[in-house]
$ cat coords.pdb   # PDB, C-alpha atoms
MODEL        1
ATOM      1  CA  MET A  29     -45.415  27.665  37.324
ATOM      2  CA  SER A  30     -42.217  29.654  37.893
ATOM      3  CA  TRP A  31     -38.745  28.551  36.763
ATOM      4  CA  ASN A  32     -37.713  27.905  40.380
ATOM      5  CA  GLN A  33     -40.759  25.669  40.902
ATOM      6  CA  ILE A  34     -39.999  23.716  37.724
ATOM      7  CA  VAL A  35     -36.356  23.259  38.747
ATOM      8  CA  GLY A  36     -37.425  22.315  42.276
ATOM      9  CA  ARG A  37     -39.882  19.670  41.095
ATOM     10  CA  ARG A  38     -37.320  18.198  38.712
ATOM     11  CA  ARG A  39     -34.736  18.189  41.496
ATOM     12  CA  GLU A  40     -37.118  16.264  43.768
ATOM     13  CA  VAL A  41     -37.825  13.606  41.118
ATOM     14  CA  LEU A  42     -34.122  13.152  40.285
ATOM     15  CA  THR A  43     -33.227  12.927  43.964
ATOM     16  CA  ARG A  44     -35.919  10.368  44.803
ATOM     17  CA  GLU A  45     -34.903   8.160  41.876
ATOM     18  CA  TRP A  46     -31.194   8.382  42.715
ATOM     19  CA  LEU A  47     -31.707   7.618  46.415
ATOM     20  CA  MET A  48     -33.972   4.650  45.723
ATOM     21  CA  ASP A  49     -31.418   3.296  43.231
ATOM     22  CA  LYS A  50     -28.836   3.503  46.052
ATOM     23  CA  GLY A  51     -31.048   1.489  48.430
ATOM     24  CA  PHE A  52     -32.634   4.299  50.467
ATOM     25  CA  ILE A  53     -36.223   3.990  51.680
ATOM     26  CA  LEU A  54     -37.991   7.361  51.658
ATOM     27  CA  ILE A  55     -39.738   8.164  54.929
ATOM     28  CA  ASN A  56     -40.730  11.781  54.395
ATOM     29  CA  GLN A  57     -40.170  14.628  51.981
ATOM     30  CA  ASN A  58     -40.379  18.354  52.714
ATOM     31  CA  TRP A  59     -40.945  17.705  56.427
ATOM     32  CA  GLN A  60     -41.609  20.995  58.240
ATOM     33  CA  CYS A  61     -41.563  22.247  61.802
ATOM     34  CA  CYS A  62     -41.084  25.607  63.494
ATOM     35  CA  TYR A  63     -37.307  25.498  62.818
ATOM     36  CA  GLY A  64     -37.472  24.890  59.098
ATOM     37  CA  GLU A  65     -37.823  22.201  56.474
ATOM     38  CA  LEU A  66     -35.973  18.959  55.819
ATOM     39  CA  ASP A  67     -35.860  18.106  52.129
ATOM     40  CA  ILE A  68     -35.729  14.350  52.580
ATOM     41  CA  ILE A  69     -35.824  11.919  55.483
ATOM     42  CA  ALA A  70     -34.838   8.397  54.486
ATOM     43  CA  SER A  71     -33.400   5.209  55.891
ATOM     44  CA  CYS A  72     -30.742   2.882  54.560
ATOM     45  CA  PHE A  73     -29.443  -0.206  56.382
ATOM     46  CA  ASP A  74     -31.471   0.740  59.496
ATOM     47  CA  GLN A  75     -29.769   4.165  59.656
ATOM     48  CA  LEU A  76     -31.816   7.380  59.507
ATOM     49  CA  HIS A  77     -30.659  10.021  57.022
ATOM     50  CA  PHE A  78     -31.598  13.699  56.888
ATOM     51  CA  ILE A  79     -30.808  14.889  53.378
ATOM     52  CA  VAL A  80     -30.608  18.541  52.333
ATOM     53  CA  VAL A  81     -30.538  19.053  48.573
ATOM     54  CA  GLY A  82     -28.755  21.770  46.588
ATOM     55  CA  ILE A  83     -28.523  22.091  42.810
ATOM     56  CA  LYS A  84     -25.908  23.421  40.412
ATOM     57  CA  ALA A  85     -27.255  23.829  36.887
ATOM     58  CA  TYR A  86     -25.169  24.903  33.916
ATOM     59  CA  GLY A  87     -26.948  26.531  30.994
ATOM     60  CA  ALA A  88     -26.378  28.950  28.153
ATOM     61  CA  TRP A  89     -25.626  31.768  30.618
ATOM     62  CA  GLY A  90     -23.230  29.848  32.850
ATOM     63  CA  ALA A  91     -23.827  28.340  36.259
ATOM     64  CA  SER A  92     -26.947  28.781  38.341
ATOM     65  CA  ILE A  93     -26.232  27.729  41.904
ATOM     66  CA  GLN A  94     -28.821  26.906  44.555
ATOM     67  CA  ASP A  95     -26.449  25.391  47.050
ATOM     68  CA  VAL A  96     -26.881  24.697  50.751
ATOM     69  CA  THR A  97     -25.991  27.812  52.755
ATOM     70  CA  ARG A  98     -24.710  27.822  56.334
ATOM     71  CA  ARG A  99     -27.955  29.419  57.535
ATOM     72  CA  ARG A 100     -30.081  26.804  55.768
ATOM     73  CA  MET A 101     -27.951  23.983  57.163
ATOM     74  CA  GLN A 102     -28.336  25.361  60.699
ATOM     75  CA  SER A 103     -32.130  25.484  60.426
ATOM     76  CA  CYS A 104     -32.089  21.928  59.022
ATOM     77  CA  ILE A 105     -30.009  20.714  61.965
ATOM     78  CA  GLU A 106     -32.513  22.248  64.385
ATOM     79  CA  ALA A 107     -35.406  20.689  62.446
ATOM     80  CA  ALA A 108     -33.627  17.306  62.493
ATOM     81  CA  GLN A 109     -33.240  17.529  66.275
ATOM     82  CA  LYS A 110     -36.974  18.223  66.528
ATOM     83  CA  TYR A 111     -37.720  15.226  64.299
ATOM     84  CA  LEU A 112     -35.580  12.990  66.524
ATOM     85  CA  GLN A 113     -37.457  14.237  69.611
ATOM     86  CA  ARG A 114     -40.753  13.268  67.970
ATOM     87  CA  HIS A 115     -39.406   9.905  66.787
ATOM     88  CA  PRO A 116     -37.454   8.348  69.671
ATOM     89  CA  GLU A 117     -37.161   5.030  67.819
ATOM     90  CA  TRP A 118     -34.237   6.608  65.934
ATOM     91  CA  ARG A 119     -31.195   6.946  68.208
ATOM     92  CA  GLU A 120     -28.684   8.192  65.649
ATOM     93  CA  ALA A 121     -28.884   9.810  62.264
ATOM     94  CA  THR A 122     -26.648  10.823  59.425
ATOM     95  CA  PHE A 123     -26.937  14.362  58.136
ATOM     96  CA  SER A 124     -26.179  14.635  54.440
ATOM     97  CA  SER A 125     -25.898  17.357  51.869
ATOM     98  CA  LEU A 126     -26.697  16.197  48.341
ATOM     99  CA  THR A 127     -25.633  18.421  45.461
ATOM    100  CA  ILE A 128     -27.069  17.736  42.039
ATOM    101  CA  ALA A 129     -24.868  19.063  39.235
ATOM    102  CA  VAL A 130     -26.623  19.308  35.877
ATOM    103  CA  SER A 131     -24.381  20.109  32.896
ATOM    104  CA  LYS A 132     -25.143  21.847  29.602
ATOM    105  CA  GLU A 133     -25.152  18.422  27.975
ATOM    106  CA  LYS A 134     -27.957  17.392  30.363
ATOM    107  CA  SER A 135     -25.793  14.907  32.215
ATOM    108  CA  THR A 136     -26.438  14.734  35.939
ATOM    109  CA  GLU A 137     -23.991  14.065  38.759
ATOM    110  CA  PHE A 138     -24.947  13.468  42.386
ATOM    111  CA  ILE A 139     -22.493  14.405  45.160
ATOM    112  CA  LEU A 140     -23.420  13.159  48.637
ATOM    113  CA  SER A 141     -21.514  14.279  51.731
ATOM    114  CA  LYS A 142     -22.330  12.843  55.163
ATOM    115  CA  GLU A 143     -21.873  13.696  58.817
ATOM    116  CA  GLY A 144     -22.914  11.613  61.820
ATOM    117  CA  MET A 145     -25.447  13.000  64.273
ATOM    118  CA  LYS A 146     -26.262  11.619  67.723
ATOM    119  CA  ARG A 147     -28.851  12.625  70.284
TER     120      ARG A 147
ENDMDL
END

$ encode --input "coords.pdb" --output "structure tokens"
Amino acid sequence: MSWNQIVGRRREVLTREWLMDKGFILINQNWQCCYGELDIIASCFDQLHFIVVGIKAYGAWGASIQDVTRRRMQSCIEAAQKYLQRHPEWREATFSSLTIAVSKEKSTEFILSKEGMKR
């Protein structure tokens, strides 16, 4: 398994645990369509959330950043619109970017930013 795969798997576990602790119910993970992939689809208080995850890890050689780029966010928005077309029971959704910052001391911080999204 490559380093990126190991980091990716760890990121997914940390994210799931954090979201569930915050009251989110996971609906789907790594949902794919012709426009791209959505990292996480979840609900909280009857609101649908599309969550794109980026990671910032700090190690012996400094920062390693796998953040959400503009291009990735655009493909996620298009994928989210496709998901909403396939699931008309959801009228509105929140689009969120979740950054996981992991420090040298192995402490983890989650930074969630949200934007509303309507059909």

$ residues_near_point --input "coords.pdb" --point "(-34.9, 3.3, 52.5)" --cutoff "10 Å" --atoms "only C-alpha atoms" --output "PDB file with C-alpha atoms, in the frame of the given file"
ATOM      1  CA  LEU A  47     -31.707   7.618  46.415  1.00  0.00           C
ATOM      2  CA  MET A  48     -33.972   4.650  45.723  1.00  0.00           C
ATOM      3  CA  ASP A  49     -31.418   3.296  43.231  1.00  0.00           C
ATOM      4  CA  LYS A  50     -28.836   3.503  46.052  1.00  0.00           C
ATOM      5  CA  GLY A  51     -31.048   1.489  48.430  1.00  0.00           C
ATOM      6  CA  PHE A  52     -32.634   4.299  50.467  1.00  0.00           C
ATOM      7  CA  ILE A  53     -36.223   3.990  51.680  1.00  0.00           C
ATOM      8  CA  LEU A  54     -37.991   7.361  51.658  1.00  0.00           C
ATOM      9  CA  ILE A  55     -39.738   8.164  54.929  1.00  0.00           C
ATOM     10  CA  ILE A  69     -35.824  11.919  55.483  1.00  0.00           C
ATOM     11  CA  ALA A  70     -34.838   8.397  54.486  1.00  0.00           C
ATOM     12  CA  SER A  71     -33.400   5.209  55.891  1.00  0.00           C
ATOM     13  CA  CYS A  72     -30.742   2.882  54.560  1.00  0.00           C
ATOM     14  CA  PHE A  73     -29.443  -0.206  56.382  1.00  0.00           C
ATOM     15  CA  ASP A  74     -31.471   0.740  59.496  1.00  0.00           C
ATOM     16  CA  GLN A  75     -29.769   4.165  59.656  1.00  0.00           C
ATOM     17  CA  LEU A  76     -31.816   7.380  59.507  1.00  0.00           C
ATOM     18  CA  HIS A  77     -30.659  10.021  57.022  1.00  0.00           C
TER      19      HIS A  77
END

$ atom_distance --input "coords.pdb" --atom1 "atom CA of A:Phe78" --atom2 "atom CA of A:Arg44"
13.3 Å

$ closest_residue --input "coords.pdb" --among "A:Ile79, A:Glu40, A:Ile105, A:Arg98" --to "A:Tyr63" --atoms "only C-alpha atoms"
A:Ile105

$ atom_distance --input "coords.pdb" --atom1 "atom CA of A:Glu65" --atom2 "atom CA of A:Glu106"
9.5 Å

$ atom_distance --input "coords.pdb" --atom1 "atom CA of A:Trp31" --atom2 "atom CA of A:Ala108"
28.5 Å

$ resolve_selection --input "coords.pdb" --expression "the PyMOL selection byres ((chain A and resi 139) around 8)" --output "NGL selection string"
:A and (126-129 or 137-138 or 140-141)

$ residues_near_point --input "coords.pdb" --point "(-42.7, 16.5, 65.3)" --cutoff "12 Å" --atoms "only C-alpha atoms" --output "list in words"
Trp59, Gln60, Cys61, Cys62, Tyr63, Gly64, Glu65, Leu66, Glu106, Ala107, Ala108, Gln109, Lys110, Tyr111, Leu112, Gln113, Arg114, His115 and Pro116 of chain A

$ resolve_selection --input "coords.pdb" --expression "the PyMOL selection byres ((chain A and resi 67) around 6)" --output "PDB file with C-alpha atoms, in the frame of the given file"
ATOM      1  CA  GLN A  57     -40.170  14.628  51.981  1.00  0.00           C
ATOM      2  CA  ASN A  58     -40.379  18.354  52.714  1.00  0.00           C
ATOM      3  CA  LEU A  66     -35.973  18.959  55.819  1.00  0.00           C
ATOM      4  CA  ILE A  68     -35.729  14.350  52.580  1.00  0.00           C
ATOM      5  CA  VAL A  80     -30.608  18.541  52.333  1.00  0.00           C
TER       6      VAL A  80
END

$ closest_residue --input "coords.pdb" --among "A:Met29, A:Met101, A:Ser124, A:Val81" --to "A:Thr43" --atoms "all atoms listed in the file"
A:Val81

$ axis_aligned_box --input "coords.pdb" --around "stretch 47-64 of chain A" --padding-each-side "3 Å" --output "AutoDock Vina command-line options"
--center_x -35.2 --center_y 13.5 --center_z 53.4 --size_x 18.8 --size_y 30.1 --size_z 26.3
